[in-house]
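One structure below.
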Amino acid sequence: MATRVLPRPHLRLVRPEEASPAFAGSRTGERARALGAAWLLVACTVLLTAFGVVMVLSASSVWALQQFGSSYEFFTRQAIYAVVGLVAMVVTAAIPYRMWRRASVPMLAVSVVLLAVVLEVGTTVGGSTRWIVLGPVTLQPSELAKISLVLFTAAVLAKKWSKLDEPAHVALPLLPILGLLSALVMLEPDLGTTVIMCAIVFLLFYLAGVRLRYLLAGGLFCGGLGLVLIVTEGYRASRLLSFLNPWADPYRDGYQVIQSLLALGSGGWFGVGLGASRAKWLYVPNAHTDFIYSIIGEELGMIGAIAVLVLFGALLVAGVRIAARTEDVYGRLLAGGIVGWLGLQAVMNLATVTGLLPVTGVPLPLVSFGGSSLIANLAAIGILLNVARASRGSGQAAAGAAGPRRTRGRRP
């Protein structure tokens with residue numbers, strides 16, 4: 001069996017062209033592009049977060065007035081969550097990302113404990129027990145589980161980098177841990193989060209270079225297991241059937257998707273105006289959480305809906321550029337896992353809102369109402385910014401070492 005060799009920085013002679021001003025200029029351009037990716041990530045994150053706070057106010061005003069007597073209840077809470085999340089982003093951006101490698105196991109253990117606790121003392125909403133209420137604070141352990149899983153998976157794959165051609169090293173300990181987390185989340189029940197966690201791990205396997213036949217076998221197994229979980233649970237089976245034809249039961253299982261499509265379609269090109277949505281008058285369930293994109297499309301039209309897609313696209317492009325320019329294996333996998341998590345969750349939410357996937361209860365990152373989700377997303381983006389900062393610093397160090405005869409070169 002071929003041995004997987006870990007690429008390492010190595011000493012080499014400086015070629016004449018590398019000592020030229022043109023080469024120094026290319027180094028400067030590389031640093032400028034890395035800095036640009038980081039600032040693009042920050043700009044998109046802040047814009048989406050601020051936009052989300054505004055849209056939560058618009059989408060939740062009617063429901064909040066009916067439930068709490070104030071149209072500003074969810075807006076106030078989301079604004080507080082946004083401030084806390086941005087502070088968390090600044091803090092995690094200042095923490096060297098390699099420290100999360102050691103912290104991943106304790107964080108994972110805390111996630112498992114909280115997922116077990118929520119099943120016993122959690123608050124049930126809409127048939128799912130996902131939240132632990134601690135006075136004015138509501139905690140959703142599955143959000144901590146996502147970020148913990150990204151940190152842990154990246155750490156394990158980086159440690160086993162030279163042994164990923166061996167099935168046992170690929171499977172252990174990641175698949176048992178994934179199975180445990182998935183089982184606890186499914187007991188809530190929360191199929192959408194379970195799918196995202198499995199997708200994150202398989203994406204990181206792919207980025208690490210695990211053989212495709214192992215990924216295919218694992219994907220077929222998980223897909224078959226997911227299908228069994230769907231058809232053996234009545235409400236999941238009905239959601240699947242309503243997704244295939246929502247108009248077959250427009251007043252029950254297909255109601256939410258139909259109302260979402262009506263809201264999107266009624267917005268036209270420029271929308272009915274911010275705050276003027278008709279669908280938020282209790283026609284679209286969960287208008288300020290999972291289906292907030294429907295209200296965006298109705299109030300701001302296709303132009304506003306496309307603008308949100310452009311912001312998400314730019315955020316993901318910036319994240320991919322940061323991951324691609326990171327020479328450290330753990331940093332690259334960590335950045336790729338965070339970008340993959342945010343991208344997959346956004347795609348699942350948008351596909352649900354537009355009727356391309358069954359209803360899964362997955363929020364739109366940075367935009368939907370939810371404290372645990374928003375804070376976890378922003379904290380993860382802070383880690384991504386630190387990866388960008390570290391890779392930019394290593395590039396500057398390498399550029400500064402270009403003068404001597406022998407220097408530390410790039411990895412092949």
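Ordering of the structure tokens sets the chain letters (A, B, ...), residue numbers begin anew at 1 in every chain, and ligands are numbered from 1 in the order given.
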Would you mind listing, for every residue of region 357-389 of chain A within 8 Å of region 142-158 of chain A, the two atoms forming the shortest contact and the distance between them in Å to one decimal, using only C-alpha atoms, sorted by chain and ascending residue number, as CSV?
residue,atom,partner,partner_atom,distance
A:Ser372,CA,A:Glu143,CA,6.2
A:Ser373,CA,A:Glu143,CA,5.8
A:Ala376,CA,A:Glu143,CA,6.4
A:Ala380,CA,A:Ile147,CA,7.0
Just the selected residues (N, CA and C atoms), exported as a compact mmCIF listing (two decimals), in the first residue's frame, please.
# COMPACT_ATOMS: atom_id res chain seq x y z
N SER A 372 -28.38 31.19 19.55
CA SER A 372 -27.33 30.18 19.50
C SER A 372 -26.74 30.06 18.10
N SER A 373 -27.60 30.06 17.10
CA SER A 373 -27.15 29.94 15.72
C SER A 373 -26.30 31.15 15.32
N ALA A 376 -22.91 31.24 17.25
CA ALA A 376 -22.02 30.17 16.78
C ALA A 376 -21.47 30.50 15.39
N ALA A 380 -17.47 31.20 14.64
CA ALA A 380 -16.76 30.40 13.65
C ALA A 380 -16.10 31.29 12.60
- request: Please return as a ChimeraX atom specification: the residues of region 97-169 of chain A that backbone DSSP assigns to alpha helix (DSSP H).
  value: /A:99-121,141-159,167-169
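Distance-wise, CA of Asp190 (chain A) and CA of Leu315 (chain A) end up 26.6 Å apart.
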field: Of the listed residues A:Ile296, A:Val284, A:Leu57, A:Ile381, that which approaches Ala318 (chain A) most closely, counting only C-alpha atoms
entry: A:Ile381
task: Rank nothing, just name the residue among A:Ala351, A:Ala168, A:Val125, A:Ala237 nearest to Pro189 (chain A), using only C-alpha atoms.
output: A:Val125
task: Go through A:Gln66, A:Thr129, A:Gln256, A:Thr232 and flag the residue nearest Val185 (chain A), using only C-alpha atoms for the distances.
output: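 Ranked by minimum distance to Val185 (chain A), first place goes to A:Thr129.
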- request: Can you work out the spacing between CA of Val118 (chain A) and CA of Pro141 (chain A) in Å, to one decimal?
  value: 7.6 Å
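As for CA of Leu240 (chain A) and CA of Leu175 (chain A), they are spaced 26.8 Å apart.
Here the question is which of A:Ile177, A:Leu187, A:Val42, A:Leu357 gets nearest to Met89 (chain A) using only C-alpha atoms, and that residue is A:Val42.
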- request: Using only C-alpha atoms, pick whichever of A:Thr289, A:Lys280, A:Leu311, A:Leu115 has the shortest atom-to-atom distance to Val367 (chain A).
  value: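 The answer is A:Thr289, which sits nearest to Val367 (chain A).
Residue nearest Trp341 (chain A), chosen from A:Leu364, A:Leu264, A:Ala307, A:Val56 and counting only C-alpha atoms: A:Leu364.
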task: Find the residues around Leu385 (chain A) up to 12 Å (only C-alpha atoms counted), leave out those fewer than 6 positions away in its own chain, and share them as a PyMOL selection string.
output: chain A and resi 34-43+45+89-97+315+318-323+326+331+334-335+338-339+378-379+391-392
message: Show me, as a list in words, the residues that have an atom within 10 Å of region 265-279 of chain A when counting only C-alpha atoms, minus same-chain residues fewer than 5 positions from it.
response: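 Listed by chain and then number, they are Val54, Met55, Leu57, Ser58, Ala59, Ser61, Gln259, Ser260, Val284, Pro285, Ala287, Ser294, Ile295, Ile296, Gly297, Glu298, Glu299, Leu300, Gly301, Met302, Ile303, Gly304 and Ala305 of chain A.
Within the 8 Å cut-off around Val359 (chain A), using only C-alpha atoms and omitting residues fewer than 2 positions from it on the same chain, the listed residues are A:Arg239, A:Phe243, A:Val257, A:Thr352, A:Val353, A:Leu357, A:Gly361.
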Using the selection just defined, write its residues with N, CA and C atoms as a PDB file, in the first residue's frame.
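This is the output file again.pdb:
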ATOM      1  N   ARG A 239     -43.748  14.906   5.124  1.00  0.00           N
ATOM      2  CA  ARG A 239     -42.992  16.045   4.611  1.00  0.00           C
ATOM      3  C   ARG A 239     -42.353  15.718   3.266  1.00  0.00           C
ATOM      4  N   PHE A 243     -43.299  17.543  -0.190  1.00  0.00           N
ATOM      5  CA  PHE A 243     -42.258  18.185  -0.990  1.00  0.00           C
ATOM      6  C   PHE A 243     -42.391  17.785  -2.461  1.00  0.00           C
ATOM      7  N   VAL A 257     -44.833  25.319   2.455  1.00  0.00           N
ATOM      8  CA  VAL A 257     -44.099  25.518   1.206  1.00  0.00           C
ATOM      9  C   VAL A 257     -44.914  26.357   0.232  1.00  0.00           C
ATOM     10  N   THR A 352     -35.074  24.728   0.882  1.00  0.00           N
ATOM     11  CA  THR A 352     -36.339  24.456   1.570  1.00  0.00           C
ATOM     12  C   THR A 352     -37.365  25.546   1.288  1.00  0.00           C
ATOM     13  N   VAL A 353     -36.934  26.799   1.382  1.00  0.00           N
ATOM     14  CA  VAL A 353     -37.841  27.927   1.179  1.00  0.00           C
ATOM     15  C   VAL A 353     -38.400  27.941  -0.236  1.00  0.00           C
ATOM     16  N   LEU A 357     -36.205  21.278  -1.551  1.00  0.00           N
ATOM     17  CA  LEU A 357     -35.926  20.230  -0.561  1.00  0.00           C
ATOM     18  C   LEU A 357     -37.093  20.192   0.425  1.00  0.00           C
ATOM     19  N   GLY A 361     -36.263  22.606   8.880  1.00  0.00           N
ATOM     20  CA  GLY A 361     -36.099  23.391  10.102  1.00  0.00           C
ATOM     21  C   GLY A 361     -34.704  23.923  10.303  1.00  0.00           C
TER      22      GLY A 361
END
